[in-house]
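Working notes, structure below.
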Amino acid sequence: MGELLTRKMSLLLRAGHRIIGLETDDEPTALAEVRALADQLQQPLWEWSCTEGLVRTRPVTRSGQAPPAIPALSASKALGHVYQAQEPVLYVFKDIGPHVNDPLVIRQLRDLADPGVSRNAGIVLVDSQPLSDEVRKLLVNLDLPRPGPEELERIVKAAFQRVKTEIEAQPGTLKVEAKLTRREMDQVVSTLRGLNATDVSRIIATIVLDDGRLSADDLPRIVEAKRALLGSSGCLETIETELNDVELAGLGRLRGWLEARRMAYSPKAREFGLEYPRGMLLLGIQGCGKSLCAKLVARQWGMPLLRLDPSALYQKYVGATEGRLRQALLQAQAMAPVVLWIDEIEKAFASAAATSADGGLSQRMFGTLLAWMQEHRHPIFLVATSNDISVLPPELMRKGRFDEIFFVDLPGEKSRHAILSAHLTKRNRNPSLFDLNALTSATEGFSGAEIEQAVIAGLYDAFAGSVELQTSHILQSVQCTQPLSVVMSEKIASLRAWAANRCVPAE
C-alpha cells in the first residue's frame, strides 16, 4: 500500500503537479507516507497545523535536539513561507479546509499551483473532510487505500508484538500469547477489513492489554469494536445482532443456503474461484421473521449489521436524496465486510415501477441502487425484505442482483411448537409444564410475532391475577386475537400465489 502511494506522489511532483490532496480519516498513516516520500526524495519536510505552526520533521534531528519550528503561524503566513523555498522542499498542511474561506489563502494556493511559475516546493494537503470545489480544482486528489489482507495481517502482528513487549517488560506479569490458527487469522483479517491502519492497531492493542492474549474467542469483541468505531450516522444504523436462535424456528431451507455460503468471504473461497455472495431478497408475511433473518446472517457470519432506513433518504433539495443514498453505499463499502439490511425496500423504490408524481426521483434512486448492486465488488451481503414485492420494478429481481429470493410463510406446526417453547424459555418458564400441543393447534395461522404477543399477554393476565402463568392464560390470549391470516386473508392469498413459482420457500 505505502510503496504504491509514495510512487504516485513522487510521479505527480516530478510531472509538475505542485499540490496533492490526501482526504483521509487516518492522519498518522497519511503523514507516515509523506515522510517516506521526503526520505525517498531526500528533501526537507515541513509540517503545518493551526496548533503547532510550522515544524520541520525531515531531516530527522539528532537525539535531544528539538526540531526547528515557527510557532503560531496562520495558514496564510505558512503559505507565505512556501514562497521563500530556495531548494526542493515538501510541505504538509493538516486540516487546512476551514482556513480556505480566507480569500488570501485561496489566492496563495492558486499562485503555488500555477504550472507556469517555477516553484521549488511541493505541498500535500491532509484533510479528514472534503475540501471545497474551488480548492479541489487546484490539486490532484489521491485516496489513501484501506489496508489489504496482507497489510492487515502485518498490522495485527505488529500491534500484538508491541503490546507483548510492553507487558512482559514489567516485572511479575504473565506471559502474553497468541493462539490463532491460519483459518482463525484469516477470520480476524476479514473482520477488520474496511478499517484504517491506526484503528486496527488500537483494537488489537486493546484486546491484548485486556487479558494478555489474542485468540479466536476475541472475534466477537473485534466485531463489536468495529461496530462501535464505525457507528454510522444519517440513514445507516448499526444494529445489535443478539437473538435467540430458536426464535427463528424452521426456515430450514434458508438456513442450509446460508450455511453453504458461510465461508465464502475467506481467502480460500477466492482461491477456489468463488466471488463474494451478493445477497438475498426476503418476501413474506409481516411478523414471520424476515428481519430476524438479517440479524441471523450477521451473527453467524461474524459480520457487523447495518440497516438502511429508506425513509431517512429523502431530502427537500434537488439531488440531495440521491447523494444520501450514494453516501450510505460508500459508507457500507468502507465498513466491509458487512451485512447491509434494507428493511421494507418497497417503501423506497415502489414508485420506480410506474409513473409517479415525484419528478422521477424514485427512478433515479432506483437506478443508483441497481448500478451499485451490479458493479460493486466489495464483501457486502445485501439483505432486502419486502411485504409486497409485486409493486417493485422487475429489474430488481433478476438473477445477478440477488443470489436468491426466498418466501417466508406463516410457521408450520413444528415451527409453531418450537417458537412457543423458545418464548416460554426466554421468559424463564419451563416449556414442559405447558400443553404445547394444545397451544400449537390453537395458534394455526399465527405469525411468529403474534405467537410471542400471545405469550406476553398471558403473562400480563397471570401477573394481574397474582398467579403463575398457565396454558389457559395463553389460550385465552390466542382466542382474543385475530391474526393477520384472517384480517388480511385476501392479500396473503394473493402474496402466496405470486410467490408460488417465483420464490424459493424458506422453510
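As shown in the C-alpha cells, the chain order sets the letters A, B, ...; within each chain, residues go from 1, and ligands are also counted from 1 in the order they appear.
Every residue of segment 32-139 of chain A with a DSSP assignment of strand (DSSP E or B), taken from the backbone, is listed as Leu45, Trp46, Glu47, Trp48, Ser49, Gly53, Leu54, Val55, Arg56, Thr57, Arg58, Ala69, Ile70, Val89, Leu90, Tyr91, Val92, Phe93, Lys94, Ala121, Gly122, Ile123, Val124, Leu125, Val126 and Asp127 of chain A.
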Output file for the selection above: N, CA and C atoms, as a PDB file, in the first residue's frame:
ATOM      1  N   LEU A  45      11.284  18.365   4.994  1.00  0.00           N
ATOM      2  CA  LEU A  45       9.824  18.297   5.146  1.00  0.00           C
ATOM      3  C   LEU A  45       9.398  19.204   6.291  1.00  0.00           C
ATOM      4  N   TRP A  46       8.465  20.114   5.978  1.00  0.00           N
ATOM      5  CA  TRP A  46       7.861  20.982   6.985  1.00  0.00           C
ATOM      6  C   TRP A  46       6.387  20.595   7.115  1.00  0.00           C
ATOM      7  N   GLU A  47       5.915  20.509   8.374  1.00  0.00           N
ATOM      8  CA  GLU A  47       4.521  20.149   8.636  1.00  0.00           C
ATOM      9  C   GLU A  47       3.834  21.301   9.368  1.00  0.00           C
ATOM     10  N   TRP A  48       2.625  21.655   8.865  1.00  0.00           N
ATOM     11  CA  TRP A  48       1.879  22.770   9.465  1.00  0.00           C
ATOM     12  C   TRP A  48       0.566  22.279  10.056  1.00  0.00           C
ATOM     13  N   SER A  49       0.236  22.819  11.227  1.00  0.00           N
ATOM     14  CA  SER A  49      -1.102  22.685  11.804  1.00  0.00           C
ATOM     15  C   SER A  49      -1.414  23.990  12.510  1.00  0.00           C
ATOM     16  N   GLY A  53       1.858  25.415  14.335  1.00  0.00           N
ATOM     17  CA  GLY A  53       2.559  26.203  13.339  1.00  0.00           C
ATOM     18  C   GLY A  53       3.371  25.311  12.417  1.00  0.00           C
ATOM     19  N   LEU A  54       4.491  25.836  11.910  1.00  0.00           N
ATOM     20  CA  LEU A  54       5.364  25.078  11.010  1.00  0.00           C
ATOM     21  C   LEU A  54       6.469  24.391  11.800  1.00  0.00           C
ATOM     22  N   VAL A  55       6.593  23.083  11.594  1.00  0.00           N
ATOM     23  CA  VAL A  55       7.636  22.302  12.268  1.00  0.00           C
ATOM     24  C   VAL A  55       8.380  21.492  11.218  1.00  0.00           C
ATOM     25  N   ARG A  56       9.720  21.580  11.243  1.00  0.00           N
ATOM     26  CA  ARG A  56      10.492  20.765  10.315  1.00  0.00           C
ATOM     27  C   ARG A  56      10.691  19.382  10.923  1.00  0.00           C
ATOM     28  N   THR A  57      10.231  18.347  10.208  1.00  0.00           N
ATOM     29  CA  THR A  57      10.347  16.969  10.711  1.00  0.00           C
ATOM     30  C   THR A  57      11.333  16.135   9.906  1.00  0.00           C
ATOM     31  N   ARG A  58      11.796  16.619   8.793  1.00  0.00           N
ATOM     32  CA  ARG A  58      12.815  15.945   7.994  1.00  0.00           C
ATOM     33  C   ARG A  58      13.797  16.985   7.474  1.00  0.00           C
ATOM     34  N   ALA A  69      11.174  25.032  14.554  1.00  0.00           N
ATOM     35  CA  ALA A  69       9.747  25.308  14.463  1.00  0.00           C
ATOM     36  C   ALA A  69       9.509  26.796  14.334  1.00  0.00           C
ATOM     37  N   ILE A  70       8.409  27.143  13.645  1.00  0.00           N
ATOM     38  CA  ILE A  70       7.966  28.531  13.559  1.00  0.00           C
ATOM     39  C   ILE A  70       6.535  28.519  14.080  1.00  0.00           C
ATOM     40  N   VAL A  89      11.685  21.268  -1.577  1.00  0.00           N
ATOM     41  CA  VAL A  89      11.250  21.014  -0.206  1.00  0.00           C
ATOM     42  C   VAL A  89       9.771  20.604  -0.230  1.00  0.00           C
ATOM     43  N   LEU A  90       9.379  19.789   0.741  1.00  0.00           N
ATOM     44  CA  LEU A  90       7.991  19.353   0.862  1.00  0.00           C
ATOM     45  C   LEU A  90       7.328  20.041   2.054  1.00  0.00           C
ATOM     46  N   TYR A  91       6.046  20.373   1.878  1.00  0.00           N
ATOM     47  CA  TYR A  91       5.246  20.929   2.965  1.00  0.00           C
ATOM     48  C   TYR A  91       3.977  20.086   3.121  1.00  0.00           C
ATOM     49  N   VAL A  92       3.585  19.844   4.356  1.00  0.00           N
ATOM     50  CA  VAL A  92       2.312  19.176   4.658  1.00  0.00           C
ATOM     51  C   VAL A  92       1.448  20.150   5.445  1.00  0.00           C
ATOM     52  N   PHE A  93       0.214  20.341   4.974  1.00  0.00           N
ATOM     53  CA  PHE A  93      -0.747  21.176   5.689  1.00  0.00           C
ATOM     54  C   PHE A  93      -1.871  20.278   6.194  1.00  0.00           C
ATOM     55  N   LYS A  94      -2.031  20.248   7.519  1.00  0.00           N
ATOM     56  CA  LYS A  94      -3.024  19.377   8.144  1.00  0.00           C
ATOM     57  C   LYS A  94      -4.306  20.158   8.436  1.00  0.00           C
ATOM     58  N   ALA A 121       8.799  24.174  -4.103  1.00  0.00           N
ATOM     59  CA  ALA A 121       8.072  23.475  -3.048  1.00  0.00           C
ATOM     60  C   ALA A 121       6.964  22.596  -3.605  1.00  0.00           C
ATOM     61  N   GLY A 122       6.790  21.437  -2.962  1.00  0.00           N
ATOM     62  CA  GLY A 122       5.634  20.581  -3.202  1.00  0.00           C
ATOM     63  C   GLY A 122       4.771  20.596  -1.957  1.00  0.00           C
ATOM     64  N   ILE A 123       3.450  20.595  -2.124  1.00  0.00           N
ATOM     65  CA  ILE A 123       2.521  20.719  -0.996  1.00  0.00           C
ATOM     66  C   ILE A 123       1.587  19.511  -0.976  1.00  0.00           C
ATOM     67  N   VAL A 124       1.406  18.933   0.207  1.00  0.00           N
ATOM     68  CA  VAL A 124       0.431  17.860   0.404  1.00  0.00           C
ATOM     69  C   VAL A 124      -0.570  18.337   1.446  1.00  0.00           C
ATOM     70  N   LEU A 125      -1.849  18.348   1.068  1.00  0.00           N
ATOM     71  CA  LEU A 125      -2.916  18.748   1.980  1.00  0.00           C
ATOM     72  C   LEU A 125      -3.560  17.486   2.551  1.00  0.00           C
ATOM     73  N   VAL A 126      -3.458  17.293   3.856  1.00  0.00           N
ATOM     74  CA  VAL A 126      -4.045  16.124   4.522  1.00  0.00           C
ATOM     75  C   VAL A 126      -5.261  16.593   5.309  1.00  0.00           C
ATOM     76  N   ASP A 127      -6.441  16.182   4.861  1.00  0.00           N
ATOM     77  CA  ASP A 127      -7.688  16.631   5.494  1.00  0.00           C
ATOM     78  C   ASP A 127      -8.605  15.442   5.746  1.00  0.00           C
TER      79      ASP A 127
END
Check your understanding: Residues at most 8 Å from segment 280-285 of chain A, counting only C-alpha atoms, excluding those fewer than 5 positions away in the same chain, as a list in words?
Key -> Lys290, Phe381, Leu382, Val383, Ala384, Thr385, Ser386, Asn387, Asp388, Ile389, Phe402, Asp403, Glu404, Ile405, Phe406, Phe407, Val408, Asp409, Leu410, Ser447, Ile492 and Leu495 of chain A
Exercise for review: Calculate how many Å separate atom CA of Glu237 of chain A from atom CA of Arg307 of chain A, rounding to one decimal.
Suggested key: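 About the pair atom CA of Glu237 of chain A and atom CA of Arg307 of chain A: they are 5.1 Å apart.
If only C-alpha atoms are the atoms counted, then among A:Arg213, A:Gln374, A:Asp186, A:Leu195 the closest residue to Lys164 of chain A is A:Arg213.
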Review point. Within 10 Å of segment 415-420 of chain A, counting only C-alpha atoms, which residues qualify if same-chain residues fewer than 6 places away don't, as number ranges by chain?
Key: A: 246-251, 426, 431, 434, 436-441, 443-449, 451-452, 454-455, 507
Practice item. Quick one: everything within 8 Å of Ala30 of chain A, counting only C-alpha atoms, minus sequence neighbours fewer than 5 positions away in the same chain. Send it as a list of chain:residue names. Key: A:Leu22, A:Thr24, A:Val126, A:Leu144
Next, dump the selected residues to file, keeping only N, CA and C atoms, as a tab-separated table (two decimals), in the first residue's frame.
chain	number	residue	atom	x	y	z
A	22	LEU	N	-4.73	14.58	0.10
A	22	LEU	CA	-4.99	13.27	0.70
A	22	LEU	C	-6.17	13.43	1.65
A	24	THR	N	-8.49	11.76	4.12
A	24	THR	CA	-8.45	10.51	4.87
A	24	THR	C	-8.79	10.74	6.34
A	126	VAL	N	-3.46	17.29	3.86
A	126	VAL	CA	-4.04	16.12	4.52
A	126	VAL	C	-5.26	16.59	5.31
A	144	LEU	N	-6.13	7.46	0.15
A	144	LEU	CA	-5.28	6.61	0.99
A	144	LEU	C	-6.00	5.27	1.12
Practice item. Skip Gln86 of chain A itself and residues of its chain fewer than 6 positions away, then list as JSON, numbers by chain all residues within 12 Å of it, counting only C-alpha atoms. Key: {"A": [43, 44, 118, 119, 120, 121]}
Keeping only N, CA and C atoms, write those residues as a JSON list (two decimals), in the first residue's frame.
[["chain", "number", "residue", "atom", "x", "y", "z"],
["A", 43, "GLN", "N", 14.44, 15.27, 0.53],
["A", 43, "GLN", "CA", 14.07, 16.68, 0.63],
["A", 43, "GLN", "C", 13.65, 17.01, 2.06],
["A", 44, "PRO", "N", 13.89, 18.25, 2.48],
["A", 44, "PRO", "CA", 13.38, 18.66, 3.80],
["A", 44, "PRO", "C", 11.86, 18.61, 3.81],
["A", 118, "SER", "N", 7.75, 28.71, -11.84],
["A", 118, "SER", "CA", 8.71, 27.74, -11.30],
["A", 118, "SER", "C", 8.70, 27.81, -9.78],
["A", 119, "ARG", "N", 8.43, 26.69, -9.16],
["A", 119, "ARG", "CA", 8.41, 26.62, -7.71],
["A", 119, "ARG", "C", 9.27, 25.44, -7.25],
["A", 120, "ASN", "N", 9.90, 25.60, -6.12],
["A", 120, "ASN", "CA", 10.71, 24.53, -5.56],
["A", 120, "ASN", "C", 9.92, 23.64, -4.60],
["A", 121, "ALA", "N", 8.80, 24.17, -4.10],
["A", 121, "ALA", "CA", 8.07, 23.47, -3.05],
["A", 121, "ALA", "C", 6.96, 22.60, -3.61]]
Exercise for review: Considering only C-alpha atoms, return as a PyMOL selection string whatever protein or nucleic-acid residues lie within 12 Å of segment 136-141 of chain A, sequence-local ones (same chain, fewer than 6 positions apart) excluded.
Suggested key: chain A and resi 5+8-9+11-13+15-24+97+100+106-115+122-127+130
Output C-alpha atoms of each residue in that selection to a file, as an mmCIF file, in the first residue's frame.
data_model
loop_
_atom_site.group_PDB
_atom_site.id
_atom_site.type_symbol
_atom_site.label_atom_id
_atom_site.label_comp_id
_atom_site.auth_asym_id
_atom_site.auth_seq_id
_atom_site.Cartn_x
_atom_site.Cartn_y
_atom_site.Cartn_z
ATOM 1 C CA LEU A 5 1.082 5.694 -2.874
ATOM 2 C CA LYS A 8 2.206 8.075 -7.201
ATOM 3 C CA MET A 9 3.030 11.212 -5.225
ATOM 4 C CA LEU A 11 5.499 10.911 -10.108
ATOM 5 C CA LEU A 12 2.983 13.733 -9.688
ATOM 6 C CA LEU A 13 5.560 16.099 -8.186
ATOM 7 C CA ALA A 15 5.440 15.895 -13.528
ATOM 8 C CA GLY A 16 4.894 19.437 -12.245
ATOM 9 C CA HIS A 17 1.837 18.997 -10.014
ATOM 10 C CA ARG A 18 2.607 21.156 -7.005
ATOM 11 C CA ILE A 19 -0.397 20.420 -4.737
ATOM 12 C CA ILE A 20 -1.579 16.922 -3.795
ATOM 13 C CA GLY A 21 -4.639 16.227 -1.675
ATOM 14 C CA LEU A 22 -4.990 13.267 0.695
ATOM 15 C CA GLU A 23 -8.532 13.063 2.054
ATOM 16 C CA THR A 24 -8.449 10.507 4.871
ATOM 17 C CA GLY A 97 -10.042 23.044 4.885
ATOM 18 C CA VAL A 100 -9.639 28.288 2.808
ATOM 19 C CA ILE A 106 -7.214 30.787 -1.973
ATOM 20 C CA ARG A 107 -5.096 33.275 -3.907
ATOM 21 C CA GLN A 108 -1.884 31.838 -2.470
ATOM 22 C CA LEU A 109 -2.904 28.282 -3.372
ATOM 23 C CA ARG A 110 -3.726 29.434 -6.898
ATOM 24 C CA ASP A 111 -0.315 31.041 -7.267
ATOM 25 C CA LEU A 112 1.503 27.999 -5.873
ATOM 26 C CA ALA A 113 -0.420 25.654 -8.155
ATOM 27 C CA ASP A 114 0.262 27.694 -11.308
ATOM 28 C CA PRO A 115 2.197 25.381 -13.671
ATOM 29 C CA GLY A 122 5.634 20.581 -3.202
ATOM 30 C CA ILE A 123 2.521 20.719 -0.996
ATOM 31 C CA VAL A 124 0.431 17.860 0.404
ATOM 32 C CA LEU A 125 -2.916 18.748 1.980
ATOM 33 C CA VAL A 126 -4.045 16.124 4.522
ATOM 34 C CA ASP A 127 -7.688 16.631 5.494
ATOM 35 C CA PRO A 130 -13.734 17.088 1.736
#
Review point. For Met373 of chain A, which residue among A:Gly194, A:Val391, A:Leu329, A:Ile222 is the nearest when counting only C-alpha atoms?
Key: A:Leu329
Review point. Between A:Asp143, A:Glu168, A:Glu275, A:Glu450, which has the minimum distance to Cys288 of chain A (counting only C-alpha atoms)?
Key: A:Glu450
Exercise for review: Work out how far apart atom CA of Ala36 of chain A and atom CA of Pro71 of chain A are and give it in Å to one decimal.
Suggested key: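 Between atom CA of Ala36 of chain A and atom CA of Pro71 of chain A the gap is 24.1 Å.
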**Study point:** atom CA of Arg429 of chain A to atom CA of Leu475 of chain A, distance in Å rounded to a single decimal
**Key:** 15.9 Å
